[in-house]
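Chemist: My structure is in my_file_28.cif, and what it holds is mmCIF, N, CA, C and O atoms and all ligand atoms; chains and numbers go by the auth columns:
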```
data_upload
loop_
_atom_site.group_PDB
_atom_site.id
_atom_site.type_symbol
_atom_site.label_atom_id
_atom_site.label_comp_id
_atom_site.label_asym_id
_atom_site.label_seq_id
_atom_site.Cartn_x
_atom_site.Cartn_y
_atom_site.Cartn_z
_atom_site.B_iso_or_equiv
_atom_site.auth_seq_id
_atom_site.auth_asym_id
ATOM 1 N N MET A 1 40.522 -28.184 -2.901 0.00 1 Q
ATOM 2 C CA MET A 1 40.817 -26.752 -3.029 0.00 1 Q
ATOM 3 C C MET A 1 40.236 -26.004 -1.839 0.00 1 Q
ATOM 4 O O MET A 1 39.031 -26.022 -1.572 0.00 1 Q
ATOM 5 N N THR A 2 41.106 -25.369 -1.101 0.00 2 Q
ATOM 6 C CA THR A 2 40.664 -24.634 0.079 0.00 2 Q
ATOM 7 C C THR A 2 40.623 -23.145 -0.217 0.00 2 Q
ATOM 8 O O THR A 2 41.629 -22.543 -0.556 0.00 2 Q
ATOM 9 N N GLN A 3 39.443 -22.593 -0.061 0.00 3 Q
ATOM 10 C CA GLN A 3 39.289 -21.166 -0.297 0.00 3 Q
ATOM 11 C C GLN A 3 39.362 -20.431 1.035 0.00 3 Q
ATOM 12 O O GLN A 3 38.806 -20.899 2.031 0.00 3 Q
ATOM 13 N N LEU A 4 40.051 -19.312 1.037 0.00 4 Q
ATOM 14 C CA LEU A 4 40.190 -18.564 2.278 0.00 4 Q
ATOM 15 C C LEU A 4 39.265 -17.356 2.289 0.00 4 Q
ATOM 16 O O LEU A 4 39.070 -16.687 1.276 0.00 4 Q
ATOM 17 N N CYS A 5 38.693 -17.104 3.458 0.00 5 Q
ATOM 18 C CA CYS A 5 37.809 -15.959 3.630 0.00 5 Q
ATOM 19 C C CYS A 5 38.567 -14.662 3.332 0.00 5 Q
ATOM 20 O O CYS A 5 39.637 -14.434 3.890 0.00 5 Q
ATOM 21 N N PRO A 6 38.056 -13.829 2.422 0.00 6 Q
ATOM 22 C CA PRO A 6 38.735 -12.572 2.076 0.00 6 Q
ATOM 23 C C PRO A 6 38.693 -11.554 3.205 0.00 6 Q
ATOM 24 O O PRO A 6 39.429 -10.573 3.182 0.00 6 Q
ATOM 25 N N ILE A 7 37.849 -11.774 4.204 0.00 7 Q
ATOM 26 C CA ILE A 7 37.739 -10.833 5.313 0.00 7 Q
ATOM 27 C C ILE A 7 38.741 -11.146 6.401 0.00 7 Q
ATOM 28 O O ILE A 7 39.475 -10.282 6.863 0.00 7 Q
ATOM 29 N N CYS A 8 38.770 -12.410 6.852 0.00 8 Q
ATOM 30 C CA CYS A 8 39.624 -12.755 7.986 0.00 8 Q
ATOM 31 C C CYS A 8 40.616 -13.876 7.664 0.00 8 Q
ATOM 32 O O CYS A 8 41.355 -14.307 8.530 0.00 8 Q
ATOM 33 N N ALA A 9 40.615 -14.349 6.418 0.00 9 Q
ATOM 34 C CA ALA A 9 41.587 -15.346 5.952 0.00 9 Q
ATOM 35 C C ALA A 9 41.390 -16.709 6.580 0.00 9 Q
ATOM 36 O O ALA A 9 42.274 -17.555 6.526 0.00 9 Q
ATOM 37 N N ALA A 10 40.240 -16.962 7.189 0.00 10 Q
ATOM 38 C CA ALA A 10 39.947 -18.291 7.702 0.00 10 Q
ATOM 39 C C ALA A 10 39.414 -19.164 6.554 0.00 10 Q
ATOM 40 O O ALA A 10 38.936 -18.634 5.554 0.00 10 Q
ATOM 41 N N PRO A 11 39.516 -20.485 6.681 0.00 11 Q
ATOM 42 C CA PRO A 11 38.983 -21.376 5.628 0.00 11 Q
ATOM 43 C C PRO A 11 37.509 -21.098 5.373 0.00 11 Q
ATOM 44 O O PRO A 11 36.721 -20.973 6.298 0.00 11 Q
ATOM 45 N N ALA A 12 37.136 -20.984 4.100 0.00 12 Q
ATOM 46 C CA ALA A 12 35.761 -20.630 3.745 0.00 12 Q
ATOM 47 C C ALA A 12 34.804 -21.762 4.076 0.00 12 Q
ATOM 48 O O ALA A 12 35.143 -22.945 3.988 0.00 12 Q
ATOM 49 N N HIS A 13 33.603 -21.388 4.464 0.00 13 Q
ATOM 50 C CA HIS A 13 32.558 -22.372 4.741 0.00 13 Q
ATOM 51 C C HIS A 13 31.741 -22.587 3.464 0.00 13 Q
ATOM 52 O O HIS A 13 31.396 -21.619 2.788 0.00 13 Q
ATOM 53 N N PRO A 14 31.440 -23.844 3.122 0.00 14 Q
ATOM 54 C CA PRO A 14 30.693 -24.133 1.886 0.00 14 Q
ATOM 55 C C PRO A 14 29.388 -23.364 1.792 0.00 14 Q
ATOM 56 O O PRO A 14 28.997 -22.941 0.705 0.00 14 Q
ATOM 57 N N ASP A 15 28.713 -23.161 2.908 0.00 15 Q
ATOM 58 C CA ASP A 15 27.421 -22.474 2.889 0.00 15 Q
ATOM 59 C C ASP A 15 27.569 -20.971 2.702 0.00 15 Q
ATOM 60 O O ASP A 15 26.614 -20.286 2.343 0.00 15 Q
ATOM 61 N N HIS A 16 28.768 -20.470 2.973 0.00 16 Q
ATOM 62 C CA HIS A 16 28.954 -19.020 2.920 0.00 16 Q
ATOM 63 C C HIS A 16 30.118 -18.631 2.005 0.00 16 Q
ATOM 64 O O HIS A 16 30.622 -17.519 2.096 0.00 16 Q
ATOM 65 N N ALA A 17 30.543 -19.560 1.156 0.00 17 Q
ATOM 66 C CA ALA A 17 31.676 -19.281 0.284 0.00 17 Q
ATOM 67 C C ALA A 17 31.460 -17.991 -0.502 0.00 17 Q
ATOM 68 O O ALA A 17 30.350 -17.712 -0.919 0.00 17 Q
ATOM 69 N N PRO A 18 32.531 -17.223 -0.736 0.00 18 Q
ATOM 70 C CA PRO A 18 33.907 -17.538 -0.345 0.00 18 Q
ATOM 71 C C PRO A 18 34.257 -17.093 1.071 0.00 18 Q
ATOM 72 O O PRO A 18 35.433 -16.989 1.387 0.00 18 Q
ATOM 73 N N PHE A 19 33.253 -16.849 1.888 0.00 19 Q
ATOM 74 C CA PHE A 19 33.533 -16.385 3.241 0.00 19 Q
ATOM 75 C C PHE A 19 33.497 -17.537 4.230 0.00 19 Q
ATOM 76 O O PHE A 19 32.971 -18.606 3.932 0.00 19 Q
ATOM 77 N N CYS A 20 34.001 -17.283 5.446 0.00 20 Q
ATOM 78 C CA CYS A 20 34.079 -18.350 6.439 0.00 20 Q
ATOM 79 C C CYS A 20 32.752 -18.484 7.180 0.00 20 Q
ATOM 80 O O CYS A 20 32.479 -19.497 7.800 0.00 20 Q
ATOM 81 N N GLY A 21 31.943 -17.480 7.111 0.00 21 Q
ATOM 82 C CA GLY A 21 30.676 -17.530 7.828 0.00 21 Q
ATOM 83 C C GLY A 21 29.807 -16.343 7.484 0.00 21 Q
ATOM 84 O O GLY A 21 30.197 -15.465 6.714 0.00 21 Q
ATOM 85 N N ARG A 22 28.635 -16.314 8.083 0.00 22 Q
ATOM 86 C CA ARG A 22 27.691 -15.260 7.762 0.00 22 Q
ATOM 87 C C ARG A 22 28.198 -13.894 8.226 0.00 22 Q
ATOM 88 O O ARG A 22 27.918 -12.864 7.624 0.00 22 Q
ATOM 89 N N GLY A 23 28.930 -13.890 9.331 0.00 23 Q
ATOM 90 C CA GLY A 23 29.434 -12.626 9.855 0.00 23 Q
ATOM 91 C C GLY A 23 30.320 -11.910 8.847 0.00 23 Q
ATOM 92 O O GLY A 23 30.143 -10.733 8.577 0.00 23 Q
ATOM 93 N N CYS A 24 31.276 -12.661 8.270 0.00 24 Q
ATOM 94 C CA CYS A 24 32.181 -12.051 7.309 0.00 24 Q
ATOM 95 C C CYS A 24 31.434 -11.726 6.021 0.00 24 Q
ATOM 96 O O CYS A 24 31.738 -10.749 5.347 0.00 24 Q
ATOM 97 N N LYS A 25 30.448 -12.532 5.678 0.00 25 Q
ATOM 98 C CA LYS A 25 29.665 -12.272 4.481 0.00 25 Q
ATOM 99 C C LYS A 25 28.938 -10.935 4.617 0.00 25 Q
ATOM 100 O O LYS A 25 28.920 -10.108 3.712 0.00 25 Q
ATOM 101 N N ASP A 26 28.349 -10.715 5.790 0.00 26 Q
ATOM 102 C CA ASP A 26 27.636 -9.468 6.042 0.00 26 Q
ATOM 103 C C ASP A 26 28.606 -8.291 6.064 0.00 26 Q
ATOM 104 O O ASP A 26 28.313 -7.210 5.570 0.00 26 Q
ATOM 105 N N ARG A 27 29.762 -8.537 6.657 0.00 27 Q
ATOM 106 C CA ARG A 27 30.749 -7.453 6.728 0.00 27 Q
ATOM 107 C C ARG A 27 31.188 -7.029 5.339 0.00 27 Q
ATOM 108 O O ARG A 27 31.314 -5.843 5.048 0.00 27 Q
ATOM 109 N N ASP A 28 31.394 -8.006 4.469 0.00 28 Q
ATOM 110 C CA ASP A 28 31.809 -7.682 3.110 0.00 28 Q
ATOM 111 C C ASP A 28 30.698 -6.943 2.385 0.00 28 Q
ATOM 112 O O ASP A 28 30.934 -5.977 1.672 0.00 28 Q
ATOM 113 N N LEU A 29 29.466 -7.381 2.601 0.00 29 Q
ATOM 114 C CA LEU A 29 28.319 -6.743 1.950 0.00 29 Q
ATOM 115 C C LEU A 29 28.179 -5.298 2.427 0.00 29 Q
ATOM 116 O O LEU A 29 27.994 -4.381 1.634 0.00 29 Q
ATOM 117 N N LEU A 30 28.304 -5.105 3.725 0.00 30 Q
ATOM 118 C CA LEU A 30 28.179 -3.764 4.292 0.00 30 Q
ATOM 119 C C LEU A 30 29.296 -2.861 3.777 0.00 30 Q
ATOM 120 O O LEU A 30 29.069 -1.710 3.457 0.00 30 Q
ATOM 121 N N ARG A 31 30.495 -3.449 3.681 0.00 31 Q
ATOM 122 C CA ARG A 31 31.619 -2.655 3.187 0.00 31 Q
ATOM 123 C C ARG A 31 31.373 -2.261 1.735 0.00 31 Q
ATOM 124 O O ARG A 31 31.635 -1.151 1.313 0.00 31 Q
ATOM 125 N N TRP A 32 30.843 -3.212 0.974 0.00 32 Q
ATOM 126 C CA TRP A 32 30.568 -2.962 -0.442 0.00 32 Q
ATOM 127 C C TRP A 32 29.508 -1.883 -0.584 0.00 32 Q
ATOM 128 O O TRP A 32 29.618 -0.961 -1.372 0.00 32 Q
ATOM 129 N N LEU A 33 28.450 -1.998 0.213 0.00 33 Q
ATOM 130 C CA LEU A 33 27.377 -1.004 0.164 0.00 33 Q
ATOM 131 C C LEU A 33 27.895 0.350 0.625 0.00 33 Q
ATOM 132 O O LEU A 33 27.513 1.388 0.090 0.00 33 Q
ATOM 133 N N GLY A 34 28.765 0.336 1.632 0.00 34 Q
ATOM 134 C CA GLY A 34 29.302 1.583 2.155 0.00 34 Q
ATOM 135 C C GLY A 34 30.094 2.336 1.109 0.00 34 Q
ATOM 136 O O GLY A 34 30.077 3.563 1.077 0.00 34 Q
ATOM 137 N N GLU A 35 30.766 1.596 0.226 0.00 35 Q
ATOM 138 C CA GLU A 35 31.551 2.251 -0.811 0.00 35 Q
ATOM 139 C C GLU A 35 30.659 2.776 -1.924 0.00 35 Q
ATOM 140 O O GLU A 35 30.932 3.795 -2.537 0.00 35 Q
ATOM 141 N N GLY A 36 29.558 2.078 -2.182 0.00 36 Q
ATOM 142 C CA GLY A 36 28.681 2.452 -3.286 0.00 36 Q
ATOM 143 C C GLY A 36 27.682 3.524 -2.906 0.00 36 Q
ATOM 144 O O GLY A 36 27.374 4.399 -3.702 0.00 36 Q
ATOM 145 N N TYR A 37 27.196 3.425 -1.674 0.00 37 Q
ATOM 146 C CA TYR A 37 26.173 4.374 -1.250 0.00 37 Q
ATOM 147 C C TYR A 37 26.640 5.078 0.016 0.00 37 Q
ATOM 148 O O TYR A 37 26.535 4.534 1.103 0.00 37 Q
ATOM 149 N N ARG A 38 27.159 6.264 -0.144 0.00 38 Q
ATOM 150 C CA ARG A 38 27.643 6.994 1.027 0.00 38 Q
ATOM 151 C C ARG A 38 26.527 7.804 1.678 0.00 38 Q
ATOM 152 O O ARG A 38 26.666 8.266 2.776 0.00 38 Q
ATOM 153 N N LEU A 39 25.423 8.007 0.967 0.00 39 Q
ATOM 154 C CA LEU A 39 24.309 8.742 1.551 0.00 39 Q
ATOM 155 C C LEU A 39 23.627 7.889 2.608 0.00 39 Q
ATOM 156 O O LEU A 39 23.551 6.677 2.472 0.00 39 Q
ATOM 157 N N PRO A 40 23.145 8.502 3.671 0.00 40 Q
ATOM 158 C CA PRO A 40 22.514 7.771 4.775 0.00 40 Q
ATOM 159 C C PRO A 40 21.342 6.928 4.312 0.00 40 Q
ATOM 160 O O PRO A 40 21.163 5.811 4.741 0.00 40 Q
ATOM 161 N N GLY A 41 20.495 7.452 3.451 0.00 41 Q
ATOM 162 C CA GLY A 41 19.340 6.675 3.009 0.00 41 Q
ATOM 163 C C GLY A 41 18.390 7.502 2.179 0.00 41 Q
ATOM 164 O O GLY A 41 18.516 8.716 2.110 0.00 41 Q
ATOM 165 N N PRO A 42 17.439 6.839 1.534 0.00 42 Q
ATOM 166 C CA PRO A 42 16.497 7.530 0.650 0.00 42 Q
ATOM 167 C C PRO A 42 15.456 8.330 1.422 0.00 42 Q
ATOM 168 O O PRO A 42 14.780 9.176 0.863 0.00 42 Q
ATOM 169 N N ALA A 43 15.298 8.074 2.703 0.00 43 Q
ATOM 170 C CA ALA A 43 14.269 8.746 3.493 0.00 43 Q
ATOM 171 C C ALA A 43 14.508 10.253 3.491 0.00 43 Q
ATOM 172 O O ALA A 43 13.591 11.045 3.389 0.00 43 Q
ATOM 173 N N ILE A 44 15.772 10.664 3.587 0.00 44 Q
ATOM 174 C CA ILE A 44 16.084 12.086 3.633 0.00 44 Q
ATOM 175 C C ILE A 44 15.759 12.751 2.298 0.00 44 Q
ATOM 176 O O ILE A 44 15.239 13.847 2.250 0.00 44 Q
ATOM 177 N N ASP A 45 16.030 12.066 1.191 0.00 45 Q
ATOM 178 C CA ASP A 45 15.729 12.628 -0.115 0.00 45 Q
ATOM 179 C C ASP A 45 14.231 12.842 -0.271 0.00 45 Q
ATOM 180 O O ASP A 45 13.787 13.851 -0.777 0.00 45 Q
ATOM 181 N N ASP A 46 13.446 11.869 0.182 0.00 46 Q
ATOM 182 C CA ASP A 46 11.995 11.997 0.068 0.00 46 Q
ATOM 183 C C ASP A 46 11.508 13.196 0.874 0.00 46 Q
ATOM 184 O O ASP A 46 10.678 13.967 0.435 0.00 46 Q
ATOM 185 N N GLU A 47 12.098 13.343 2.040 0.00 47 Q
ATOM 186 C CA GLU A 47 11.680 14.443 2.898 0.00 47 Q
ATOM 187 C C GLU A 47 12.013 15.790 2.252 0.00 47 Q
ATOM 188 O O GLU A 47 11.216 16.719 2.230 0.00 47 Q
ATOM 189 N N MET A 48 13.185 15.875 1.670 0.00 48 Q
ATOM 190 C CA MET A 48 13.609 17.116 1.042 0.00 48 Q
ATOM 191 C C MET A 48 12.751 17.419 -0.187 0.00 48 Q
ATOM 192 O O MET A 48 12.341 18.548 -0.410 0.00 48 Q
ATOM 193 N N GLN A 49 12.466 16.394 -0.989 0.00 49 Q
ATOM 194 C CA GLN A 49 11.650 16.610 -2.182 0.00 49 Q
ATOM 195 C C GLN A 49 10.254 17.068 -1.788 0.00 49 Q
ATOM 196 O O GLN A 49 9.691 17.973 -2.394 0.00 49 Q
ATOM 197 N N GLU A 50 9.726 16.455 -0.763 0.00 50 Q
ATOM 198 C CA GLU A 50 8.389 16.819 -0.315 0.00 50 Q
ATOM 199 C C GLU A 50 8.372 18.280 0.132 0.00 50 Q
ATOM 200 O O GLU A 50 7.460 19.034 -0.160 0.00 50 Q
ATOM 201 N N GLY A 51 9.432 18.683 0.825 0.00 51 Q
ATOM 202 C CA GLY A 51 9.508 20.051 1.294 0.00 51 Q
ATOM 203 C C GLY A 51 9.628 21.031 0.138 0.00 51 Q
ATOM 204 O O GLY A 51 9.074 22.125 0.179 0.00 51 Q
ATOM 205 N N LEU A 52 10.335 20.640 -0.924 0.00 52 Q
ATOM 206 C CA LEU A 52 10.510 21.537 -2.053 0.00 52 Q
ATOM 207 C C LEU A 52 9.224 21.659 -2.860 0.00 52 Q
ATOM 208 O O LEU A 52 8.934 22.706 -3.433 0.00 52 Q
ATOM 209 N N ASP A 53 8.472 20.554 -2.930 0.00 53 Q
ATOM 210 C CA ASP A 53 7.250 20.566 -3.733 0.00 53 Q
ATOM 211 C C ASP A 53 6.172 21.436 -3.088 0.00 53 Q
ATOM 212 O O ASP A 53 5.407 22.090 -3.769 0.00 53 Q
ATOM 213 N N LYS A 54 6.149 21.422 -1.765 0.00 54 Q
ATOM 214 C CA LYS A 54 5.096 22.182 -1.084 0.00 54 Q
ATOM 215 C C LYS A 54 5.384 23.681 -1.119 0.00 54 Q
ATOM 216 O O LYS A 54 6.527 24.108 -0.916 0.00 54 Q
ATOM 217 N N PRO A 55 4.396 24.475 -1.373 0.00 55 Q
ATOM 218 C CA PRO A 55 4.567 25.932 -1.342 0.00 55 Q
ATOM 219 C C PRO A 55 4.766 26.422 0.081 0.00 55 Q
ATOM 220 O O PRO A 55 4.249 25.834 1.029 0.00 55 Q
ATOM 221 N N ARG A 56 5.519 27.494 0.206 0.00 56 Q
ATOM 222 C CA ARG A 56 5.794 28.014 1.544 0.00 56 Q
ATOM 223 C C ARG A 56 4.676 28.953 1.992 0.00 56 Q
ATOM 224 O O ARG A 56 4.611 30.102 1.566 0.00 56 Q
ATOM 225 N N ASP A 57 3.809 28.460 2.809 0.00 57 Q
ATOM 226 C CA ASP A 57 2.687 29.280 3.258 0.00 57 Q
ATOM 227 C C ASP A 57 3.133 30.254 4.344 0.00 57 Q
ATOM 228 O O ASP A 57 2.547 31.316 4.511 0.00 57 Q
ATOM 229 N N THR A 58 4.205 29.860 5.030 0.00 58 Q
ATOM 230 C CA THR A 58 4.620 30.663 6.173 0.00 58 Q
ATOM 231 C C THR A 58 5.498 31.831 5.758 0.00 58 Q
ATOM 232 O O THR A 58 5.785 32.697 6.544 0.00 58 Q
ATOM 233 N N ALA A 59 5.938 31.873 4.494 0.00 59 Q
ATOM 234 C CA ALA A 59 6.883 32.897 4.056 0.00 59 Q
ATOM 235 C C ALA A 59 6.241 34.285 4.007 0.00 59 Q
ATOM 236 O O ALA A 59 5.099 34.417 3.659 0.00 59 Q
HETATM 237 ZN ZN ZN B . 35.923 -14.708 7.790 0.00 101 D
#
```
Once you've parsed the file, please lay out its structure as structure tokens.
Ligand SMILES: [Zn+2]

Modeler:
Amino acid sequence: MTQLCPICAAPAHPDHAPFCGRGCKDRDLLRWLGEGYRLPGPAIDDEMQEGLDKPRDTA
């Protein structure tokens, strides 16, 4: 049974099934993450929360 890489349709590699290699595996993972998490990262949220928690001394 020959499985084809869902990214580039090349024969899948046993070590990276169902992908043909690590490159396509990473690409699929990144694509999956990109669809699930559109926000740049949690660092910005932490920064914003910290700013909201602190009282505005300069106001
Ligand atoms: Zn591939």

Chemist: Name each residue within 8 Å of ligand ZN 101 (chain D), counting only N, CA, C and O atoms and all ligand atoms, as a list of chain:residue names.

Modeler: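 Result of the 8 Å neighbour search around ligand ZN 101 (chain D): Q:Leu4, Q:Cys5, Q:Pro6, Q:Ile7, Q:Cys8, Q:Ala9, Q:Ala10, Q:Pro11, Q:Ala12, Q:His13, Q:Pro18, Q:Phe19, Q:Cys20, Q:Gly21, Q:Arg22, Q:Gly23, Q:Cys24, Q:Lys25.
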
Chemist: How many Å lie between CA of His16 in chain Q and atom N of Leu30 in chain Q, rounded to one decimal?

Modeler: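 Interatomic distance here is 14.0 Å.
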
Chemist: Suppose you want the space between atom O of Ala17 in chain Q and atom O of Thr2 in chain Q; what is it in Å?

Modeler: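 Taking atom O of Ala17 in chain Q and atom O of Thr2 in chain Q, their separation equals 12.3 Å.
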
Chemist: For atom N of Pro14 in chain Q and atom O of Glu35 in chain Q, quote the distance in Å rounded to one decimal.

Modeler: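 So the two atoms, atom N of Pro14 in chain Q and atom O of Glu35 in chain Q, lie 28.2 Å apart.
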